[in-house]
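A.B. asks: Below you'll find entry_11.txt; it's compact mmCIF, C-alpha atoms.
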```txt
# COMPACT_ATOMS: atom_id res chain seq x y z
CA MET A 1 64.13 49.49 39.43
CA VAL A 2 67.38 47.82 40.35
CA LYS A 3 70.58 49.72 40.92
CA VAL A 4 72.69 49.53 37.79
CA VAL A 5 76.42 49.16 38.23
CA LYS A 6 78.12 51.33 35.64
CA PRO A 7 80.78 49.56 33.60
CA PRO A 8 84.27 51.07 33.42
CA ARG A 9 85.13 53.37 30.54
CA ASN A 10 84.09 51.87 27.26
CA ASP A 11 87.45 52.04 25.53
CA LYS A 12 89.03 49.73 28.10
CA LEU A 13 86.51 46.91 27.59
CA PRO A 14 87.35 44.13 25.12
CA LEU A 15 84.38 44.94 22.89
CA THR A 16 84.17 44.73 19.13
CA ARG A 17 83.46 47.94 17.25
CA PRO A 18 81.74 48.32 13.87
CA VAL A 19 84.38 48.68 11.16
CA ILE A 20 84.19 48.78 7.38
CA GLY A 21 86.02 45.82 5.85
CA VAL A 22 86.14 43.37 8.74
CA ALA A 23 87.34 40.66 6.31
CA GLY A 24 89.77 42.98 4.55
CA LYS A 25 89.27 44.41 1.07
CA THR A 26 86.80 41.84 -0.23
CA GLY A 27 87.13 43.27 -3.75
CA LEU A 28 90.21 41.05 -4.07
CA TRP A 29 87.93 37.97 -4.15
CA ARG A 30 86.38 39.10 -7.42
CA ASN A 31 87.02 37.57 -10.82
CA MET A 32 84.10 39.16 -12.70
CA LYS A 33 83.56 42.88 -12.43
CA PRO A 34 80.14 44.60 -12.76
CA LEU A 35 79.93 47.66 -14.99
CA VAL A 36 76.94 50.03 -14.87
CA ASN A 37 75.56 51.81 -17.89
CA ASN A 38 74.00 54.84 -16.20
CA VAL A 39 72.18 55.91 -19.37
CA LYS A 40 70.16 52.68 -19.30
CA CYS A 41 69.76 52.81 -15.49
CA THR A 42 66.21 53.77 -14.46
CA ARG A 43 67.03 54.34 -10.75
CA CYS A 44 64.76 51.52 -9.58
CA TYR A 45 67.08 50.76 -6.61
CA GLN A 46 66.78 46.98 -7.12
CA CYS A 47 70.56 46.51 -7.15
CA GLU A 48 71.00 48.59 -4.00
CA ILE A 49 68.30 46.64 -2.17
CA TYR A 50 69.66 43.23 -3.12
CA CYS A 51 73.44 43.87 -3.06
CA PRO A 52 74.69 41.46 -0.35
CA VAL A 53 77.84 43.49 0.31
CA ASN A 54 76.08 46.87 0.50
CA ALA A 55 78.56 48.11 -2.09
CA ILE A 56 76.07 49.76 -4.48
CA ASN A 57 74.86 53.27 -3.87
CA VAL A 58 72.13 54.63 -6.15
CA GLU A 59 71.63 58.38 -6.28
CA PRO A 60 68.98 59.99 -8.50
CA GLU A 61 71.55 62.27 -10.14
CA THR A 62 74.51 59.96 -10.66
CA GLY A 63 72.86 56.53 -11.01
CA ALA A 64 74.32 53.37 -9.50
CA MET A 65 77.82 53.73 -8.09
CA ILE A 66 79.68 50.53 -7.18
CA ASN A 67 82.29 50.44 -4.44
CA TYR A 68 84.93 48.26 -6.14
CA ASP A 69 87.01 47.98 -2.96
CA TYR A 70 84.39 45.67 -1.44
CA CYS A 71 82.31 44.33 -4.38
CA LYS A 72 82.74 40.52 -4.36
CA GLY A 73 81.63 40.17 -7.98
CA CYS A 74 78.75 37.77 -7.35
CA GLY A 75 76.74 39.19 -10.26
CA LEU A 76 73.48 39.34 -8.30
CA CYS A 77 72.98 42.98 -9.37
CA MET A 78 73.13 41.94 -13.02
CA ASP A 79 70.47 39.27 -12.44
CA VAL A 80 68.03 41.58 -10.62
CA CYS A 81 68.49 44.59 -12.92
CA PRO A 82 65.23 44.91 -14.92
CA SER A 83 66.67 47.24 -17.58
CA GLY A 84 69.88 45.32 -18.30
CA ALA A 85 72.11 48.22 -17.33
CA ILE A 86 74.70 46.08 -15.53
CA THR A 87 77.13 43.80 -17.39
CA MET A 88 79.86 41.57 -15.98
CA ILE A 89 83.33 41.74 -17.52
CA PRO A 90 86.38 39.62 -16.58
CA GLU A 91 88.67 41.21 -14.04
CA THR A 92 91.98 42.08 -15.65
CA GLY A 93 93.74 42.96 -12.42
CA GLU A 94 94.96 46.48 -13.10
CA MET B 1 68.98 64.66 -21.06
CA SER B 2 65.84 65.36 -19.06
CA LYS B 3 66.12 65.88 -15.34
CA ILE B 4 65.46 62.71 -13.38
CA GLU B 5 62.93 63.41 -10.67
CA THR B 6 63.66 62.25 -7.16
CA ARG B 7 61.13 59.77 -5.90
CA LYS B 8 60.33 57.98 -2.70
CA LEU B 9 62.98 55.44 -1.82
CA PRO B 10 61.88 51.81 -1.69
CA LEU B 11 63.52 51.08 1.66
CA PRO B 12 64.76 53.59 4.25
CA HIS B 13 67.92 54.99 2.80
CA ASP B 14 69.90 54.60 6.01
CA ALA B 15 69.60 50.82 5.57
CA ARG B 16 72.95 50.95 3.85
CA ASP B 17 74.71 52.60 6.80
CA LYS B 18 73.98 49.88 9.35
CA LEU B 19 75.40 46.80 7.64
CA LEU B 20 78.93 47.71 6.63
CA PRO B 21 80.65 46.56 3.43
CA GLY B 22 83.49 44.09 3.67
CA ASP B 23 81.86 41.29 5.67
CA ALA B 24 83.11 37.71 5.42
CA ALA B 25 80.10 36.25 3.58
CA CYS B 26 80.49 34.19 0.42
CA PRO B 27 79.68 36.03 -2.84
CA GLY B 28 75.92 36.01 -3.39
CA CYS B 29 75.11 35.16 0.24
CA PRO B 30 71.45 35.86 1.14
CA ILE B 31 72.13 36.50 4.85
CA PRO B 32 73.46 40.09 4.46
CA ILE B 33 70.35 40.91 2.34
CA ALA B 34 68.10 39.79 5.19
CA LEU B 35 70.29 41.52 7.80
CA LYS B 36 70.09 44.72 5.77
CA VAL B 37 66.29 44.63 5.96
CA VAL B 38 66.43 43.87 9.69
CA SER B 39 68.72 46.84 10.27
CA ALA B 40 66.45 49.03 8.10
CA VAL B 41 63.60 48.31 10.54
CA PHE B 42 65.38 48.34 13.89
CA GLY B 43 68.38 50.59 13.20
CA GLU B 44 70.75 50.52 16.15
CA LYS B 45 68.00 49.84 18.67
CA ALA B 46 68.36 46.08 18.62
CA ILE B 47 70.42 43.43 20.36
CA LEU B 48 71.23 40.49 18.10
CA VAL B 49 71.75 37.14 19.81
CA ILE B 50 73.58 34.87 17.39
CA PRO B 51 74.40 31.21 18.04
CA ALA B 52 77.07 29.34 16.09
CA CYS B 53 75.98 29.70 12.47
CA CYS B 54 77.10 31.33 9.23
CA THR B 55 76.28 34.77 10.62
CA SER B 56 78.82 34.48 13.45
CA VAL B 57 81.45 34.10 10.72
CA ILE B 58 80.00 36.80 8.48
CA LEU B 59 80.03 39.49 11.16
CA GLY B 60 83.75 39.04 11.60
CA THR B 61 86.34 38.49 14.32
CA TYR B 62 87.38 40.39 17.42
CA PRO B 63 88.55 43.94 16.76
CA GLY B 64 85.66 44.66 14.41
CA GLN B 65 82.18 43.61 13.42
CA ALA B 66 80.25 44.29 10.24
CA ILE B 67 76.98 45.58 11.72
CA LYS B 68 76.18 48.67 13.77
CA THR B 69 74.15 46.98 16.52
CA SER B 70 75.01 45.14 19.71
CA VAL B 71 75.74 41.48 19.03
CA ILE B 72 76.03 38.61 21.52
CA HIS B 73 77.61 35.41 20.23
CA VAL B 74 76.33 32.44 22.19
CA PRO B 75 76.67 28.61 22.14
CA PHE B 76 74.56 26.66 19.68
CA ALA B 77 71.51 25.55 21.63
CA SER B 78 71.07 28.64 23.78
CA ALA B 79 70.00 31.47 21.43
CA ALA B 80 66.39 31.66 22.63
CA ALA B 81 67.41 31.18 26.28
CA VAL B 82 70.01 33.98 26.19
CA ALA B 83 67.60 36.26 24.32
CA SER B 84 64.97 35.61 27.03
CA GLY B 85 67.49 36.57 29.70
CA VAL B 86 68.53 39.75 27.88
CA SER B 87 64.90 40.71 27.38
CA GLN B 88 64.14 40.21 31.10
CA ALA B 89 67.22 42.26 32.02
CA LEU B 90 66.09 45.11 29.76
CA ARG B 91 62.63 45.02 31.35
CA THR B 92 64.11 45.13 34.86
CA ARG B 93 66.21 48.14 33.89
CA GLY B 94 63.17 49.85 32.39
CA ILE B 95 64.54 50.02 28.84
CA LYS B 96 61.58 49.78 26.47
CA ASP B 97 62.79 50.93 23.04
CA VAL B 98 65.36 48.17 22.45
CA HIS B 99 64.27 44.93 20.79
CA VAL B 100 65.99 41.61 21.41
CA ILE B 101 66.42 39.59 18.23
CA ALA B 102 67.58 35.98 18.25
CA TRP B 103 69.04 35.38 14.81
CA ALA B 104 69.73 31.71 14.16
CA GLY B 105 70.10 29.32 11.27
CA ASP B 106 68.02 26.25 10.62
CA GLY B 107 70.38 23.99 12.60
CA GLY B 108 70.27 26.32 15.61
CA THR B 109 66.47 26.46 15.44
CA ALA B 110 65.06 23.23 14.06
CA ASP B 111 67.67 20.72 15.29
CA ILE B 112 69.86 21.78 18.18
CA GLY B 113 68.01 24.81 19.51
CA VAL B 114 64.44 23.54 19.23
CA ALA B 115 64.16 22.86 22.98
CA SER B 116 65.10 26.40 23.98
CA VAL B 117 62.93 27.88 21.21
CA SER B 118 59.97 25.82 22.40
CA GLY B 119 60.64 26.86 26.01
CA ALA B 120 60.85 30.56 25.17
CA ALA B 121 57.68 30.31 23.05
CA GLU B 122 55.83 28.57 25.86
CA ARG B 123 56.87 31.29 28.35
CA ASN B 124 55.93 33.91 25.71
CA GLU B 125 59.16 35.85 26.22
CA ASP B 126 59.32 39.31 24.69
CA ILE B 127 61.77 38.47 21.88
CA ILE B 128 61.83 38.31 18.10
CA TYR B 129 63.18 34.99 16.85
CA ILE B 130 64.37 35.05 13.25
CA MET B 131 65.34 31.78 11.61
CA TYR B 132 67.08 32.09 8.27
CA ASP B 133 66.71 28.80 6.54
CA ASN B 134 69.50 27.76 4.19
CA GLU B 135 68.36 24.15 4.52
CA ALA B 136 71.58 22.48 5.76
CA TYR B 137 74.59 23.08 8.03
CA MET B 138 76.36 25.27 5.48
CA ASN B 139 79.01 26.70 7.80
CA THR B 140 80.54 23.31 8.60
CA GLY B 141 80.35 22.00 5.04
CA ILE B 142 76.80 21.16 3.92
CA GLN B 143 75.58 18.48 6.31
CA ARG B 144 71.92 17.46 6.39
CA SER B 145 69.64 19.25 8.86
CA SER B 146 66.00 18.53 9.65
CA SER B 147 65.12 21.54 7.50
CA THR B 148 66.68 20.05 4.35
CA PRO B 149 63.95 19.36 1.77
CA ARG B 150 63.21 15.94 0.33
CA GLY B 151 65.52 14.79 -2.45
CA ALA B 152 68.31 17.28 -1.74
CA TRP B 153 71.94 16.24 -1.88
CA THR B 154 74.17 17.01 1.11
CA THR B 155 77.50 15.49 2.14
CA THR B 156 75.69 13.26 4.64
CA THR B 157 72.83 12.35 2.25
CA PRO B 158 74.76 11.61 -0.97
CA THR B 159 71.78 9.96 -2.67
CA GLY B 160 69.27 12.62 -1.62
CA LYS B 161 67.37 13.08 1.63
CA ILE B 162 64.36 10.79 1.99
CA GLU B 163 62.43 12.70 4.66
CA ASN B 164 60.36 15.85 4.29
CA LYS B 165 61.35 19.26 5.65
CA LYS B 166 60.47 20.11 9.25
CA ASP B 167 57.99 22.97 9.21
CA MET B 168 59.11 25.24 12.06
CA ALA B 169 56.47 27.91 11.41
CA ARG B 170 53.70 25.34 11.90
CA ILE B 171 55.34 24.10 15.12
CA LEU B 172 55.39 27.68 16.43
CA ILE B 173 51.75 28.28 15.40
CA ALA B 174 50.90 25.22 17.51
CA HIS B 175 52.59 26.96 20.48
CA GLY B 176 50.02 29.74 20.23
CA VAL B 177 52.55 32.59 20.09
CA PRO B 178 51.33 36.10 19.11
CA TYR B 179 53.07 36.33 15.74
CA VAL B 180 54.44 33.78 13.27
CA ALA B 181 55.46 34.64 9.71
CA THR B 182 57.37 33.14 6.81
CA ALA B 183 59.37 35.37 4.49
CA SER B 184 61.93 35.11 1.71
CA VAL B 185 65.05 37.07 0.79
CA GLY B 186 63.58 37.33 -2.71
CA TYR B 187 60.93 39.71 -1.36
CA PRO B 188 62.63 42.26 0.95
CA HIS B 189 59.59 44.57 1.03
CA ASP B 190 57.39 41.75 2.26
CA LEU B 191 59.99 40.94 4.93
CA TYR B 192 60.17 44.63 5.84
CA GLY B 193 56.41 44.80 6.39
CA LYS B 194 56.48 41.65 8.51
CA LEU B 195 59.31 42.97 10.66
CA GLN B 196 57.44 46.25 11.14
CA ARG B 197 54.37 44.34 12.31
CA ALA B 198 56.49 42.16 14.60
CA ARG B 199 58.07 45.31 16.02
CA SER B 200 54.67 46.78 16.90
CA MET B 201 53.67 43.66 18.87
CA SER B 202 55.00 42.15 22.07
CA GLY B 203 55.56 38.58 23.16
CA PHE B 204 57.30 35.81 21.25
CA ARG B 205 57.45 36.61 17.54
CA PHE B 206 58.84 34.14 15.03
CA ILE B 207 59.90 34.83 11.44
CA HIS B 208 61.12 32.08 9.14
CA ILE B 209 63.21 33.41 6.23
CA HIS B 210 63.95 31.24 3.22
CA ALA B 211 67.57 31.91 2.21
CA PRO B 212 69.08 30.14 -0.83
CA CYS B 213 72.78 29.39 -0.29
CA PRO B 214 74.85 29.41 -3.54
CA PRO B 215 77.72 27.09 -2.49
CA GLY B 216 75.50 24.67 -0.58
CA TRP B 217 72.68 24.43 -3.06
CA ARG B 218 75.14 24.28 -5.97
CA PHE B 219 74.00 27.18 -8.10
CA ASP B 220 75.74 30.23 -9.50
CA PRO B 221 76.02 33.11 -6.97
CA GLN B 222 74.13 35.49 -9.26
CA TYR B 223 70.92 33.42 -9.05
CA THR B 224 70.29 33.83 -5.27
CA VAL B 225 67.28 36.09 -5.75
CA ARG B 226 66.03 34.14 -8.77
CA VAL B 227 66.04 30.87 -6.79
CA ALA B 228 64.32 32.54 -3.82
CA LYS B 229 61.60 33.90 -6.11
CA LEU B 230 61.22 30.56 -7.93
CA ALA B 231 60.62 28.79 -4.62
CA VAL B 232 57.64 31.10 -4.04
CA GLU B 233 56.42 30.99 -7.65
CA THR B 234 56.43 27.18 -7.76
CA GLY B 235 54.51 27.03 -4.48
CA LEU B 236 57.26 25.15 -2.62
CA TRP B 237 57.71 28.03 -0.20
CA VAL B 238 54.59 29.86 0.94
CA LEU B 239 54.68 33.35 2.44
CA TYR B 240 52.10 33.84 5.15
CA GLU B 241 51.68 35.44 8.53
CA TYR B 242 49.70 34.31 11.52
CA TYR B 243 48.44 36.62 14.24
CA ASP B 244 45.22 37.17 16.22
CA GLY B 245 44.35 33.53 15.51
CA LYS B 246 44.17 34.17 11.77
CA LEU B 247 46.46 33.05 8.97
CA THR B 248 46.88 35.43 6.03
CA VAL B 249 48.68 34.50 2.83
CA SER B 250 51.00 37.41 1.94
CA GLY B 251 50.94 39.37 -1.29
CA PRO B 252 53.73 37.64 -3.26
CA SER B 253 52.24 34.17 -2.59
CA ARG B 254 48.58 35.04 -3.11
CA PRO B 255 48.43 34.39 -6.90
CA TYR B 256 49.81 30.87 -6.32
CA MET B 257 46.87 29.79 -4.17
CA ASP B 258 45.47 28.72 -7.55
CA PRO B 259 47.47 25.59 -8.57
CA ALA B 260 47.15 26.45 -12.27
CA LYS B 261 49.20 29.63 -11.83
CA ARG B 262 52.15 27.93 -10.17
CA LYS B 263 55.27 27.35 -12.24
CA PRO B 264 56.38 23.71 -12.69
CA ILE B 265 58.50 22.47 -9.79
CA GLU B 266 61.14 21.11 -12.22
CA GLU B 267 62.09 24.72 -13.01
CA TYR B 268 63.12 25.26 -9.38
CA LEU B 269 64.85 21.87 -9.11
CA LYS B 270 66.93 22.03 -12.28
CA ILE B 271 68.58 25.39 -11.46
CA GLN B 272 70.17 23.79 -8.36
CA GLY B 273 72.92 21.20 -8.49
CA ARG B 274 71.83 19.62 -5.22
CA PHE B 275 68.73 18.13 -6.91
CA ARG B 276 70.79 16.47 -9.67
CA VAL B 277 70.25 13.01 -8.14
CA ILE B 278 66.46 13.37 -7.94
CA THR B 279 64.18 10.76 -9.58
CA ASP B 280 60.78 11.25 -11.22
CA GLU B 281 58.88 9.47 -8.48
CA LEU B 282 60.54 11.70 -5.87
CA ILE B 283 59.39 14.75 -7.88
CA ASN B 284 55.84 13.38 -7.65
CA GLU B 285 56.26 12.95 -3.89
CA ILE B 286 57.41 16.60 -3.64
CA LYS B 287 54.37 17.72 -5.67
CA LYS B 288 52.13 15.79 -3.30
CA TYR B 289 53.83 17.45 -0.31
CA VAL B 290 53.33 20.90 -1.89
CA ASN B 291 49.63 20.22 -2.45
CA GLU B 292 49.18 19.01 1.14
CA ASN B 293 50.96 22.09 2.44
CA TRP B 294 48.74 24.39 0.36
CA TYR B 295 45.64 22.49 1.44
CA TRP B 296 46.52 23.16 5.10
CA ILE B 297 47.22 26.84 4.39
CA THR B 298 43.99 27.45 2.45
CA LYS B 299 42.00 25.69 5.20
CA MET B 300 43.70 27.80 7.86
CA SER B 301 43.32 31.10 6.02
CA ARG B 302 39.54 30.90 5.94
```
The structure in this file should be written as structure tokens.
C.D. replies:
Amino acid sequence: MVKVVKPPRNDKLPLTRPVIGVAGKTGLWRNMKPLVNNVKCTRCYQCEIYCPVNAINVEPETGAMINYDYCKGCGLCMDVCPSGAITMIPETGE
Amino acid sequence: MSKIETRKLPLPHDARDKLLPGDAACPGCPIPIALKVVSAVFGEKAILVIPACCTSVILGTYPGQAIKTSVIHVPFASAAAVASGVSQALRTRGIKDVHVIAWAGDGGTADIGVASVSGAAERNEDIIYIMYDNEAYMNTGIQRSSSTPRGAWTTTTPTGKIENKKDMARILIAHGVPYVATASVGYPHDLYGKLQRARSMSGFRFIHIHAPCPPGWRFDPQYTVRVAKLAVETGLWVLYEYYDGKLTVSGPSRPYMDPAKRKPIEEYLKIQGRFRVITDELINEIKKYVNENWYWITKMSR
């Protein structure tokens, strides 16, 4: 074993830290908005597995919940949904 | 309404806590899907070594980063070399539970970084090398790489590339490393199993992930997973793993060992705008290449 020199206190080092929204609120990029019909949703978790932004959270009780602050509106969840519970509607901007 | 029973989750549920929302990827980017699976396997016990590629942009700039692991950003050609050094340093310090992952694109692996990859493979360094293959230099604006398939449009091959794709997995099998696998973002569970197996082994482990890029391949962002699955279903991309001197075709690709079950290649080509310039004789050349590739795989898997 070699002697390990301890670095100075972590908060003084110029290190990056994990933060949510490193590119800002990416929901602003969106022009089509996904809407979930939780009655049709079978809780198969496909959308949560494939969501590239990690913005979908499926819970057995509530169904798929989309974080619209960060959803980029790519529509991938609609394409992978086997029960057709997700539809894309144009973003109106309100 | 009847009570919905809770069932076993398809991937570890903390997968969604490691890769944070709000990264700088394009809509429909396949890289965060693959990174999510990687973080589901390794959690925070991994050091990612990332050369210049799309991922160095996706993970963000200085005060923050979009993933909860240690990340080292390195120059283009040196990903495997830096990962070897980090792995040796961890061994000298006696740290055994942290895995070193070199995460590079096809340019950083097949073109610019191939010397350092080959060197690290020859020394059998204790690292996991993951190449995500979006088949061109997408970050700098869609230039041709050696991993671009035949017939594909890029800004530097406006009439379609005339050479075949460089098969990195086969090059690494020829190095005699302990573990080589190909995977696809269309099949995260298959990728998860391969990463788990790679994690349980030691030595140089190589995983080649097929990653369709919506802006570069000229298709709609919503079809990322569809294109990835079509590549496997048409037989153009074969999922297999190689260890203990044996090649095994993985579950999603196994039905397509029979040529009659494969979908027509045109289905995969017509969904992408980059194959708009392709001619019929080039399609026949691609079919021939697919058959040769499958011939080699079926011979090897016996």
A.B. asks: Just want the 12 Å neighbourhood of Glu91 of chain A, counted on only C-alpha atoms, with same-chain residues fewer than 4 positions away dropped. Output as number ranges by chain.
C.D. replies: A: 27-35, 68, 71-73
A.B. asks: Nearest residue to Ile49 of chain A out of A:Val4, A:Ala85, A:Val36, A:Val80, using only C-alpha atoms?
C.D. replies: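 Among the listed residues, the smallest separation from Ile49 of chain A belongs to A:Val80.
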A.B. asks: May I have the residues within 9 Å of Pro32 of chain B as a list of chain:residue names, using only C-alpha atoms and disregarding those fewer than 2 positions away in the same chain?
C.D. replies: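 These residues fall inside the cut-off: A:Cys51, A:Pro52, A:Val53, A:Asn54, B:Leu19, B:Asp23, B:Ala25, B:Cys29, B:Pro30, B:Ala34, B:Leu35, B:Lys36, B:Val37, B:Thr55, B:Ile58.
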A.B. asks: Go through chain A and flag each residue having an atom no more than 6 Å from chain B; for those, report the closest pair of atoms plus their distance in Å to one decimal, using all atoms listed in the file, ordered by chain and rising number, as a Markdown table.
C.D. replies:
```
| residue | atom | partner | partner_atom | distance |
| --- | --- | --- | --- | --- |
| A:Thr16 | CA | B:Gly64 | CA | 5.0 |
| A:Arg17 | CA | B:Gly64 | CA | 4.9 |
| A:Pro18 | CA | B:Gln65 | CA | 4.8 |
| A:Val19 | CA | B:Gly64 | CA | 5.3 |
| A:Ile20 | CA | B:Leu20 | CA | 5.4 |
| A:Gly21 | CA | B:Gly22 | CA | 3.8 |
| A:Val22 | CA | B:Asp23 | CA | 5.7 |
| A:Ala23 | CA | B:Ala24 | CA | 5.2 |
| A:Thr26 | CA | B:Gly22 | CA | 5.6 |
| A:Tyr50 | CA | B:Ile33 | CA | 6.0 |
| A:Pro52 | CA | B:Ile33 | CA | 5.1 |
| A:Val53 | CA | B:Pro21 | CA | 5.2 |
| A:Asn54 | CA | B:Pro21 | CA | 5.4 |
| A:Pro60 | CA | B:Thr6 | CA | 5.9 |
| A:Tyr70 | CA | B:Gly22 | CA | 5.4 |
| A:Lys72 | CA | B:Pro27 | CA | 5.6 |
| A:Cys74 | CA | B:Pro27 | CA | 4.9 |
| A:Gly75 | CA | B:Gln222 | CA | 4.6 |
| A:Leu76 | CA | B:Gln222 | CA | 4.0 |
```
A.B. asks: Using atom CA of Ala77 of chain B and atom CA of Ile112 of chain B as the two end points, give the distance in Å to one decimal.
C.D. replies: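 Calculated distance between atom CA of Ala77 of chain B and atom CA of Ile112 of chain B is 5.4 Å.
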A.B. asks: Which polymer residues have any atom within 7 Å of an atom of segment 195-201 of chain B, counting all atoms listed in the file, with same-chain residues fewer than 4 positions away left out, as an mmCIF file with C-alpha atoms, in the coordinates of the input?
C.D. replies:
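result_19.cif, written as the output of this step:
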```cif
data_model
loop_
_atom_site.group_PDB
_atom_site.id
_atom_site.type_symbol
_atom_site.label_atom_id
_atom_site.label_comp_id
_atom_site.auth_asym_id
_atom_site.auth_seq_id
_atom_site.Cartn_x
_atom_site.Cartn_y
_atom_site.Cartn_z
ATOM 1 C CA VAL B 41 63.600 48.310 10.540
ATOM 2 C CA TYR B 179 53.070 36.330 15.740
ATOM 3 C CA LEU B 191 59.990 40.940 4.930
ATOM 4 C CA ARG B 205 57.450 36.610 17.540
#
```
A.B. asks: As an exercise, work out the distance from atom CA of Ser87 of chain B to atom CA of Ile47 of chain B in Å and give it to one decimal place.
C.D. replies: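 Interatomic distance here is 9.3 Å.
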A.B. asks: Given the choices B:Ile283, B:Leu48, B:Ile207, B:Leu230, which gets closest to Arg170 of chain B if the distance is worked out from only C-alpha atoms?
C.D. replies: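 Nearest candidate to Arg170 of chain B out of B:Ile283, B:Leu48, B:Ile207, B:Leu230: B:Ile207.
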A.B. asks: Which residues are close to Ala81 of chain B, i.e. within 9 Å by all atoms listed in the file, leaving aside same-chain residues fewer than 6 positions away? Reply as a list in words.
C.D. replies: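 Counting only the stated atoms, we get Ser116, Val117, Gly119 and Ala120 of chain B.
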A.B. asks: Please produce a file of those selected residues containing C-alpha atoms, as a PDB file, keeping the file's coordinate frame.
C.D. replies:
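File written: out_6.pdb
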```
ATOM      1  CA  SER B 116      65.100  26.400  23.980  1.00  0.00           C
ATOM      2  CA  VAL B 117      62.930  27.880  21.210  1.00  0.00           C
ATOM      3  CA  GLY B 119      60.640  26.860  26.010  1.00  0.00           C
ATOM      4  CA  ALA B 120      60.850  30.560  25.170  1.00  0.00           C
TER       5      ALA B 120
END
```
A.B. asks: So how many Å separate atom CA of Trp103 of chain B and atom CA of Met78 of chain A, to one decimal?
C.D. replies: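 We find that atom CA of Trp103 of chain B and atom CA of Met78 of chain A lie 28.9 Å from each other.
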A.B. asks: Between B:Gly151, B:Gly108, B:Pro51, B:Gly216, which has the minimum distance to Asp280 of chain B (counting all atoms listed in the file)?
C.D. replies: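 Among B:Gly151, B:Gly108, B:Pro51, B:Gly216, it is B:Gly151 that comes nearest to Asp280 of chain B.
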A.B. asks: Using only C-alpha atoms for the distances, tell me which of B:Ala211, B:Ala52, B:Ile127, B:Ala115 is nearest to Asn139 of chain B.
C.D. replies: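 Nearest to Asn139 of chain B: B:Ala52.
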A.B. asks: Counting only C-alpha atoms, note down every residue that has an atom within 10 Å of the point (56.4, 27.8, 24.9) (file coordinates), as a PyMOL selection string.
C.D. replies: chain B and resi 115-125+172+174-177+204
A.B. asks: With C-alpha atoms retained, write the just-selected residues as an mmCIF file, in the coordinates of the input.
C.D. replies:
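The resulting file, result-v4.cif, is reproduced below:
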```
data_model
loop_
_atom_site.group_PDB
_atom_site.id
_atom_site.type_symbol
_atom_site.label_atom_id
_atom_site.label_comp_id
_atom_site.auth_asym_id
_atom_site.auth_seq_id
_atom_site.Cartn_x
_atom_site.Cartn_y
_atom_site.Cartn_z
ATOM 1 C CA ALA B 115 64.160 22.860 22.980
ATOM 2 C CA SER B 116 65.100 26.400 23.980
ATOM 3 C CA VAL B 117 62.930 27.880 21.210
ATOM 4 C CA SER B 118 59.970 25.820 22.400
ATOM 5 C CA GLY B 119 60.640 26.860 26.010
ATOM 6 C CA ALA B 120 60.850 30.560 25.170
ATOM 7 C CA ALA B 121 57.680 30.310 23.050
ATOM 8 C CA GLU B 122 55.830 28.570 25.860
ATOM 9 C CA ARG B 123 56.870 31.290 28.350
ATOM 10 C CA ASN B 124 55.930 33.910 25.710
ATOM 11 C CA GLU B 125 59.160 35.850 26.220
ATOM 12 C CA LEU B 172 55.390 27.680 16.430
ATOM 13 C CA ALA B 174 50.900 25.220 17.510
ATOM 14 C CA HIS B 175 52.590 26.960 20.480
ATOM 15 C CA GLY B 176 50.020 29.740 20.230
ATOM 16 C CA VAL B 177 52.550 32.590 20.090
ATOM 17 C CA PHE B 204 57.300 35.810 21.250
#
```
A.B. asks: Would you be able to write out as a ChimeraX atom specification which residues have an atom within 12 Å of (55.5, 26.7, -6.1) in the file's coordinates, counting all atoms listed in the file?
C.D. replies: /B:227-239,252-269,286-291,293-294
A.B. asks: Write a file for segment 51-59 of chain A, containing N, CA and C atoms (output as an mmCIF file, in the first residue's frame).
C.D. replies:
```
data_model
loop_
_atom_site.group_PDB
_atom_site.id
_atom_site.type_symbol
_atom_site.label_atom_id
_atom_site.label_comp_id
_atom_site.auth_asym_id
_atom_site.auth_seq_id
_atom_site.Cartn_x
_atom_site.Cartn_y
_atom_site.Cartn_z
ATOM 1 N N CYS A 51 -37.444 6.494 -21.421
ATOM 2 C CA CYS A 51 -37.421 7.973 -21.429
ATOM 3 C C CYS A 51 -35.983 8.484 -21.368
ATOM 4 N N PRO A 52 -35.506 9.194 -22.401
ATOM 5 C CA PRO A 52 -34.104 9.628 -22.406
ATOM 6 C C PRO A 52 -33.804 10.718 -21.384
ATOM 7 N N VAL A 53 -34.828 11.420 -20.927
ATOM 8 C CA VAL A 53 -34.590 12.530 -20.005
ATOM 9 C C VAL A 53 -34.817 12.088 -18.561
ATOM 10 N N ASN A 54 -35.286 10.863 -18.359
ATOM 11 C CA ASN A 54 -35.604 10.381 -17.020
ATOM 12 C C ASN A 54 -36.707 11.231 -16.392
ATOM 13 N N ALA A 55 -37.652 11.676 -17.203
ATOM 14 C CA ALA A 55 -38.686 12.575 -16.706
ATOM 15 C C ALA A 55 -39.978 11.846 -16.392
ATOM 16 N N ILE A 56 -40.062 10.527 -16.671
ATOM 17 C CA ILE A 56 -41.295 9.793 -16.402
ATOM 18 C C ILE A 56 -41.102 8.919 -15.181
ATOM 19 N N ASN A 57 -42.083 8.931 -14.307
ATOM 20 C CA ASN A 57 -42.026 8.191 -13.073
ATOM 21 C C ASN A 57 -43.315 7.378 -12.980
ATOM 22 N N VAL A 58 -43.204 6.049 -13.071
ATOM 23 C CA VAL A 58 -44.401 5.214 -13.015
ATOM 24 C C VAL A 58 -44.534 4.639 -11.612
ATOM 25 N N GLU A 59 -45.666 4.861 -11.000
ATOM 26 C CA GLU A 59 -45.963 4.261 -9.703
ATOM 27 C C GLU A 59 -47.187 3.378 -9.881
#
```
